[in-house]
file coords_37.cif (mmCIF, C-alpha atoms)
data_run
#
loop_
_atom_site.group_PDB
_atom_site.id
_atom_site.type_symbol
_atom_site.label_atom_id
_atom_site.label_comp_id
_atom_site.auth_asym_id
_atom_site.auth_seq_id
_atom_site.Cartn_x
_atom_site.Cartn_y
_atom_site.Cartn_z
ATOM 1 C CA MET A 1 0.000 0.000 0.000
ATOM 2 C CA ALA A 2 1.329 3.432 -0.847
ATOM 3 C CA GLU A 3 2.128 5.666 2.080
ATOM 4 C CA ASN A 4 -0.497 8.254 2.950
ATOM 5 C CA GLU A 5 0.518 11.792 3.817
ATOM 6 C CA LYS A 6 -1.779 13.595 6.196
ATOM 7 C CA LYS A 7 -3.375 16.776 4.906
ATOM 8 C CA ASP A 8 -3.688 18.453 8.299
ATOM 9 C CA LYS A 9 -0.485 18.230 10.317
ATOM 10 C CA SER A 10 -2.119 20.024 13.271
ATOM 11 C CA GLU A 11 -4.069 16.861 14.074
ATOM 12 C CA ASP A 12 -0.886 15.385 15.521
ATOM 13 C CA VAL A 13 -1.404 17.566 18.582
ATOM 14 C CA VAL A 14 -4.121 16.158 20.832
ATOM 15 C CA GLU A 15 -5.165 18.119 23.902
ATOM 16 C CA GLU A 16 -5.876 16.384 27.197
ATOM 17 C CA PRO A 17 -9.634 15.807 27.613
ATOM 18 C CA LYS A 18 -11.325 18.115 30.097
ATOM 19 C CA VAL A 19 -13.940 16.984 32.595
ATOM 20 C CA LEU A 20 -17.211 18.734 31.783
ATOM 21 C CA THR A 21 -20.182 19.405 34.020
ATOM 22 C CA PRO A 22 -23.619 18.057 32.952
ATOM 23 C CA LEU A 23 -24.628 21.555 31.843
ATOM 24 C CA GLN A 24 -21.460 21.948 29.791
ATOM 25 C CA ARG A 25 -22.003 18.533 28.196
ATOM 26 C CA PHE A 26 -25.563 19.498 27.262
ATOM 27 C CA LYS A 27 -24.390 22.806 25.782
ATOM 28 C CA LYS A 28 -21.636 21.030 23.851
ATOM 29 C CA MET A 29 -24.119 18.507 22.464
ATOM 30 C CA PHE A 30 -26.534 21.287 21.489
ATOM 31 C CA ASP A 31 -23.736 23.238 19.776
ATOM 32 C CA CYS A 32 -22.639 20.069 17.969
ATOM 33 C CA LEU A 33 -26.165 19.443 16.638
ATOM 34 C CA GLY A 34 -26.316 23.049 15.453
ATOM 35 C CA ASP A 35 -22.994 22.654 13.635
ATOM 36 C CA LEU A 36 -24.181 19.394 12.062
ATOM 37 C CA PHE A 37 -27.359 21.095 10.867
ATOM 38 C CA VAL A 38 -25.353 23.876 9.179
ATOM 39 C CA LEU A 39 -22.909 21.333 7.775
ATOM 40 C CA ASN A 40 -25.736 19.197 6.387
ATOM 41 C CA ILE A 41 -27.310 22.179 4.628
ATOM 42 C CA PHE A 42 -24.020 22.997 2.908
ATOM 43 C CA PHE A 43 -23.612 19.335 1.957
ATOM 44 C CA THR A 44 -27.137 19.082 0.528
ATOM 45 C CA VAL A 45 -26.812 22.256 -1.540
ATOM 46 C CA SER A 46 -23.413 21.241 -2.924
ATOM 47 C CA CYS A 47 -24.804 17.827 -3.987
ATOM 48 C CA PHE A 48 -27.369 19.298 -6.387
ATOM 49 C CA PRO A 49 -25.077 19.213 -9.466
ATOM 50 C CA VAL A 50 -24.841 15.396 -8.821
ATOM 51 C CA PHE A 51 -21.309 15.131 -10.204
ATOM 52 C CA THR A 52 -20.076 16.983 -7.081
ATOM 53 C CA ILE A 53 -21.453 14.393 -4.631
ATOM 54 C CA GLY A 54 -18.023 12.814 -4.145
ATOM 55 C CA THR A 55 -16.448 16.179 -3.384
ATOM 56 C CA ALA A 56 -19.313 16.999 -1.014
ATOM 57 C CA PHE A 57 -18.781 13.760 0.928
ATOM 58 C CA THR A 58 -15.039 14.448 1.121
ATOM 59 C CA ALA A 59 -15.654 17.940 2.493
ATOM 60 C CA LEU A 60 -18.245 16.520 4.888
ATOM 61 C CA TYR A 61 -15.772 13.990 6.304
ATOM 62 C CA THR A 62 -13.034 16.620 6.462
ATOM 63 C CA VAL A 63 -15.165 18.733 8.794
ATOM 64 C CA THR A 64 -16.580 15.872 10.903
ATOM 65 C CA ASN A 65 -13.063 14.440 11.337
ATOM 66 C CA LYS A 66 -12.086 17.765 12.897
ATOM 67 C CA MET A 67 -15.284 18.015 14.925
ATOM 68 C CA VAL A 68 -14.689 14.731 16.756
ATOM 69 C CA ARG A 69 -11.228 16.032 17.695
ATOM 70 C CA ASN A 70 -12.582 19.469 18.700
ATOM 71 C CA GLU A 71 -10.349 21.105 16.079
ATOM 72 C CA GLU A 72 -12.960 22.627 13.794
ATOM 73 C CA GLY A 73 -13.213 26.321 13.016
ATOM 74 C CA PRO A 74 -16.262 28.066 11.519
ATOM 75 C CA ILE A 75 -18.262 25.249 9.889
ATOM 76 C CA ALA A 76 -19.157 27.092 6.675
ATOM 77 C CA LYS A 77 -15.578 28.261 6.130
ATOM 78 C CA GLU A 78 -14.131 24.803 6.852
ATOM 79 C CA TYR A 79 -16.569 23.091 4.493
ATOM 80 C CA ILE A 80 -16.040 25.502 1.590
ATOM 81 C CA LYS A 81 -12.256 25.287 2.006
ATOM 82 C CA ALA A 82 -12.333 21.466 1.972
ATOM 83 C CA PHE A 83 -14.754 21.417 -0.976
ATOM 84 C CA LYS A 84 -12.460 23.587 -3.086
ATOM 85 C CA ALA A 85 -9.317 21.675 -2.080
ATOM 86 C CA ASN A 86 -10.796 18.258 -2.976
ATOM 87 C CA PHE A 87 -12.952 19.197 -5.962
ATOM 88 C CA LYS A 88 -10.751 17.635 -8.645
ATOM 89 C CA GLN A 89 -10.080 14.300 -6.929
ATOM 90 C CA GLY A 90 -13.478 14.001 -5.263
ATOM 91 C CA THR A 91 -15.226 14.501 -8.587
ATOM 92 C CA ALA A 92 -12.891 12.084 -10.390
ATOM 93 C CA ILE A 93 -13.443 9.316 -7.850
ATOM 94 C CA TRP A 94 -17.209 9.811 -7.845
ATOM 95 C CA LEU A 95 -17.430 9.741 -11.649
ATOM 96 C CA LEU A 96 -15.338 6.554 -11.715
ATOM 97 C CA ASP A 97 -17.738 5.060 -9.152
ATOM 98 C CA LEU A 98 -20.740 6.007 -11.310
ATOM 99 C CA LEU A 99 -19.080 4.479 -14.373
ATOM 100 C CA TYR A 100 -18.390 1.287 -12.404
ATOM 101 C CA ILE A 101 -22.010 1.146 -11.191
ATOM 102 C CA ALA A 102 -23.281 1.698 -14.739
ATOM 103 C CA LEU A 103 -21.076 -1.156 -15.943
ATOM 104 C CA MET A 104 -22.468 -3.509 -13.279
ATOM 105 C CA ALA A 105 -26.023 -2.414 -14.087
ATOM 106 C CA GLY A 106 -25.501 -3.105 -17.771
ATOM 107 C CA GLU A 107 -24.064 -6.528 -17.062
ATOM 108 C CA TYR A 108 -26.886 -7.357 -14.662
ATOM 109 C CA TYR A 109 -29.460 -6.255 -17.237
ATOM 110 C CA TYR A 110 -27.941 -8.686 -19.723
ATOM 111 C CA VAL A 111 -28.062 -11.463 -17.111
ATOM 112 C CA ILE A 112 -31.799 -11.056 -16.435
ATOM 113 C CA THR A 113 -32.723 -10.683 -20.115
ATOM 114 C CA HIS A 114 -30.666 -13.525 -21.600
ATOM 115 C CA GLU A 115 -30.193 -17.212 -20.943
ATOM 116 C CA ASP A 116 -26.873 -18.207 -22.452
ATOM 117 C CA SER A 117 -23.338 -19.020 -21.404
ATOM 118 C CA LEU A 118 -22.359 -15.343 -21.417
ATOM 119 C CA SER A 119 -25.131 -14.466 -18.958
ATOM 120 C CA LYS A 120 -23.902 -17.169 -16.587
ATOM 121 C CA PHE A 121 -20.378 -15.777 -16.778
ATOM 122 C CA LEU A 122 -21.607 -12.222 -16.261
ATOM 123 C CA PHE A 123 -23.638 -13.329 -13.232
ATOM 124 C CA ILE A 124 -20.433 -14.464 -11.517
ATOM 125 C CA LEU A 125 -18.545 -11.383 -12.731
ATOM 126 C CA VAL A 126 -21.193 -8.972 -11.403
ATOM 127 C CA GLY A 127 -21.053 -10.707 -8.023
ATOM 128 C CA ALA A 128 -17.271 -10.285 -7.865
ATOM 129 C CA GLU A 129 -17.489 -6.648 -9.012
ATOM 130 C CA PHE A 130 -20.145 -5.847 -6.409
ATOM 131 C CA PHE A 131 -18.012 -7.496 -3.706
ATOM 132 C CA LEU A 132 -15.031 -5.288 -4.591
ATOM 133 C CA PHE A 133 -17.186 -2.149 -4.750
ATOM 134 C CA ALA A 134 -18.868 -2.865 -1.409
ATOM 135 C CA PHE A 135 -15.463 -3.026 0.256
ATOM 136 C CA ALA A 136 -13.798 -0.119 -1.556
ATOM 137 C CA PHE A 137 -16.581 2.484 -1.536
ATOM 138 C CA PRO A 138 -17.111 3.179 2.215
ATOM 139 C CA LEU A 139 -13.504 4.276 2.841
ATOM 140 C CA GLN A 140 -12.787 6.212 -0.365
ATOM 141 C CA PHE A 141 -13.930 9.652 0.707
ATOM 142 C CA PRO A 142 -12.776 9.370 4.355
ATOM 143 C CA LEU A 143 -9.279 8.540 3.036
ATOM 144 C CA LEU A 144 -9.370 11.426 0.572
ATOM 145 C CA ALA A 145 -10.497 13.741 3.378
ATOM 146 C CA ARG A 146 -7.545 12.696 5.535
ATOM 147 C CA TYR A 147 -4.646 12.067 3.165
ATOM 148 C CA ASP A 148 -2.857 13.461 0.141
ATOM 149 C CA ASN A 149 -2.459 10.766 -2.490
ATOM 150 C CA THR A 150 -3.156 10.067 -6.150
ATOM 151 C CA THR A 151 -6.718 9.214 -7.208
ATOM 152 C CA ALA A 152 -5.728 5.673 -8.169
ATOM 153 C CA ARG A 153 -3.981 5.128 -4.833
ATOM 154 C CA ILE A 154 -6.953 6.439 -2.857
ATOM 155 C CA ILE A 155 -9.209 3.876 -4.560
ATOM 156 C CA PHE A 156 -6.677 1.063 -4.244
ATOM 157 C CA ASN A 157 -5.891 1.855 -0.601
ATOM 158 C CA SER A 158 -9.591 2.017 0.300
ATOM 159 C CA LEU A 159 -10.030 -1.543 -0.939
ATOM 160 C CA LEU A 160 -6.814 -2.829 0.621
ATOM 161 C CA LEU A 161 -7.465 -1.187 3.995
ATOM 162 C CA ALA A 162 -11.067 -2.432 4.047
ATOM 163 C CA LEU A 163 -9.898 -6.010 3.500
ATOM 164 C CA SER A 164 -7.105 -5.706 6.079
ATOM 165 C CA HIS A 165 -9.210 -3.807 8.668
ATOM 166 C CA LEU A 166 -12.559 -5.567 8.465
ATOM 167 C CA GLY A 167 -13.754 -4.112 11.778
ATOM 168 C CA ALA A 168 -13.411 -0.499 10.561
ATOM 169 C CA TRP A 169 -14.970 -1.366 7.205
ATOM 170 C CA PHE A 170 -17.909 -3.164 8.816
ATOM 171 C CA LYS A 171 -18.688 -0.195 11.095
ATOM 172 C CA MET A 172 -18.734 2.169 8.111
ATOM 173 C CA PHE A 173 -20.808 -0.193 5.990
ATOM 174 C CA PHE A 174 -23.245 -0.961 8.821
ATOM 175 C CA ILE A 175 -23.796 2.686 9.764
ATOM 176 C CA TRP A 176 -24.763 3.708 6.240
ATOM 177 C CA ALA A 177 -26.571 0.489 5.252
ATOM 178 C CA LEU A 178 -28.749 0.143 8.369
ATOM 179 C CA PRO A 179 -31.226 2.978 7.635
ATOM 180 C CA PHE A 180 -31.796 1.738 4.084
ATOM 181 C CA VAL A 181 -32.421 -1.796 5.353
ATOM 182 C CA LEU A 182 -34.934 -0.366 7.817
ATOM 183 C CA TYR A 183 -36.585 1.644 5.034
ATOM 184 C CA TYR A 184 -36.887 -1.504 2.938
ATOM 185 C CA PHE A 185 -38.896 -3.236 5.663
ATOM 186 C CA ASN A 186 -40.746 -0.149 6.915
ATOM 187 C CA LEU A 187 -42.173 2.134 4.233
ATOM 188 C CA LYS A 188 -43.673 4.516 6.796
ATOM 189 C CA ALA A 189 -40.245 5.244 8.284
ATOM 190 C CA ARG A 190 -39.030 6.301 4.844
ATOM 191 C CA LEU A 191 -42.054 8.537 4.292
ATOM 192 C CA TYR A 192 -41.673 10.233 7.677
ATOM 193 C CA THR A 193 -37.910 10.741 7.725
ATOM 194 C CA TRP A 194 -36.670 11.213 4.134
ATOM 195 C CA TYR A 195 -36.457 15.018 4.491
ATOM 196 C CA LEU A 196 -34.236 14.702 7.583
ATOM 197 C CA TRP A 197 -31.392 13.506 5.350
ATOM 198 C CA GLY A 198 -31.325 16.964 3.804
ATOM 199 C CA LEU A 199 -31.389 18.670 7.195
ATOM 200 C CA ILE A 200 -29.122 16.760 9.584
ATOM 201 C CA LEU A 201 -29.010 12.953 9.216
ATOM 202 C CA THR A 202 -26.254 12.799 6.578
ATOM 203 C CA ALA A 203 -23.899 14.955 8.638
ATOM 204 C CA LEU A 204 -24.861 13.074 11.806
ATOM 205 C CA PHE A 205 -24.024 9.706 10.246
ATOM 206 C CA ALA A 206 -20.726 11.073 8.910
ATOM 207 C CA TYR A 207 -19.957 12.382 12.406
ATOM 208 C CA ILE A 208 -20.633 8.941 13.926
ATOM 209 C CA CYS A 209 -18.379 7.367 11.295
ATOM 210 C CA SER A 210 -15.647 9.890 12.102
ATOM 211 C CA MET A 211 -15.826 8.869 15.773
ATOM 212 C CA PHE A 212 -14.992 5.291 14.748
ATOM 213 C CA LEU A 213 -12.401 6.428 12.218
ATOM 214 C CA VAL A 214 -10.214 8.116 14.858
ATOM 215 C CA SER A 215 -8.796 4.789 16.030
ATOM 216 C CA PHE A 216 -8.616 3.556 12.413
ATOM 217 C CA TYR A 217 -6.467 6.507 11.355
ATOM 218 C CA GLU A 218 -4.234 6.114 14.400
ATOM 219 C CA LYS A 219 -3.754 2.415 13.652
ATOM 220 C CA ILE A 220 -2.743 2.768 10.004
ATOM 221 C CA GLU A 221 -0.572 5.821 10.738
ATOM 222 C CA GLY A 222 1.121 3.886 13.544
ATOM 223 C CA GLN A 223 1.811 1.029 11.142
ATOM 224 C CA SER A 224 3.314 3.481 8.636
ATOM 225 C CA LYS A 225 5.601 4.944 11.311
ATOM 226 C CA ASP A 226 6.763 1.476 12.349
ATOM 227 C CA LYS A 227 7.650 0.648 8.733
ATOM 228 C CA ALA A 228 9.535 3.938 8.373
ATOM 229 C CA GLU A 229 11.597 3.204 11.458
#

call {"tool": "encode", "arguments": {"input": "coords_37.cif", "output": "structure tokens"}}
result
Amino acid sequence: MAENEKKDKSEDVVEEPKVLTPLQRFKKMFDCLGDLFVLNIFFTVSCFPVFTIGTAFTALYTVTNKMVRNEEGPIAKEYIKAFKANFKQGTAIWLLDLLYIALMAGEYYYVITHEDSLSKFLFILVGAEFFLFAFAFPLQFPLLARYDNTTARIIFNSLLLALSHLGAWFKMFFIWALPFVLYYFNLKARLYTWYLWGLILTALFAYICSMFLVSFYEKIEGQSKDKAE
């Protein structure tokens, strides 16, 4: 795996946690929800062109990664800065993902509309392609948000790290997949909560993922330091 270079060197400095009173904890939680609401609005608006969704997710993770470490500045400023910095790579990765999905969809369409030897082969191929995508996709934008690397290496490392750190991958996959599984079995939940994704849920889920990713980043960065020594 190619070495990853951190984008924000200031994250090496971690302040000692302070003991907060119940009132301070409540205020901190309320402030956090307010920041997530603002962050989610910026994310939703910047997703409208569709081709910018990858960049929007990268900017989203950039800010939530800082929020869980209490290192964020003004949310709007942080998001816009991250969006601009990652526009080229975030868009490239997202468009490659869409192309990959379109390829799988085309192959699957052939499978369900034909009964020949090629359709049997494509059935196995689509399964293998979906397996690779399911492992690579959840970590792509968190890695881009954290590290400087080439587009190809970001994609390759996301797959390699998912396969070598199954616990971190499973948490990411489970967090994002769970609501859609619930929606599949409960139509009313989807009808009553769909609009919340545009208001706060997307940022909230990214924030929860970033809480789990702290130890993941520390682990892979520790392994890189050990190799360097």

call {"tool": "resolve_selection", "arguments": {"input": "coords_37.cif", "expression": "the PyMOL selection byres ((chain A and resi 83-85) around 10)", "output": "number ranges by chain"}}
result
A: 43, 46, 52, 54-60, 62, 77-82, 86-90, 145

call {"tool": "residues_near_point", "arguments": {"input": "coords_37.cif", "point": "(-26.9, 18.2, 13.8)", "cutoff": "7 Å", "atoms": "all atoms listed in the file", "output": "VMD selection string"}}
result
chain A and resid 32 to 37 200 203 to 204

call {"tool": "closest_residue", "arguments": {"input": "coords_37.cif", "among": "A:Asp148, A:Glu71, A:Glu107, A:Asp116", "to": "A:Lys7", "atoms": "all atoms listed in the file"}}
result
A:Asp148

call {"tool": "residues_near_point", "arguments": {"input": "coords_37.cif", "point": "(-18.9, 4.8, 13.6)", "cutoff": "10 Å", "atoms": "all atoms listed in the file", "output": "JSON, numbers by chain"}}
result
{"A": [168, 169, 170, 171, 172, 173, 174, 175, 176, 205, 206, 207, 208, 209, 210, 211, 212, 213, 214]}

call {"tool": "atom_distance", "arguments": {"input": "coords_37.cif", "atom1": "atom CA of A:Gly222", "atom2": "atom CA of A:Phe133"}}
result
26.6 Å

call {"tool": "atom_distance", "arguments": {"input": "coords_37.cif", "atom1": "atom CA of A:Leu161", "atom2": "atom CA of A:Glu5"}}
result
15.2 Å

call {"tool": "atom_distance", "arguments": {"input": "coords_37.cif", "atom1": "atom CA of A:Pro142", "atom2": "atom CA of A:Ile154"}}
result
9.7 Å

call {"tool": "closest_residue", "arguments": {"input": "coords_37.cif", "among": "A:Leu95, A:Leu199, A:Leu125, A:Ala134", "to": "A:Leu39", "atoms": "all atoms listed in the file"}}
result
A:Leu199

call {"tool": "closest_residue", "arguments": {"input": "coords_37.cif", "among": "A:Leu132, A:Leu144, A:Leu163, A:Ile75", "to": "A:Asn40", "atoms": "all atoms listed in the file"}}
result
A:Ile75

call {"tool": "closest_residue", "arguments": {"input": "coords_37.cif", "among": "A:Ala128, A:Ile220, A:Ala105, A:Leu196", "to": "A:Thr44", "atoms": "all atoms listed in the file"}}
result
A:Leu196

call {"tool": "closest_residue", "arguments": {"input": "coords_37.cif", "among": "A:Phe26, A:Tyr108, A:Gln140, A:Thr21", "to": "A:Phe121", "atoms": "all atoms listed in the file"}}
result
A:Tyr108
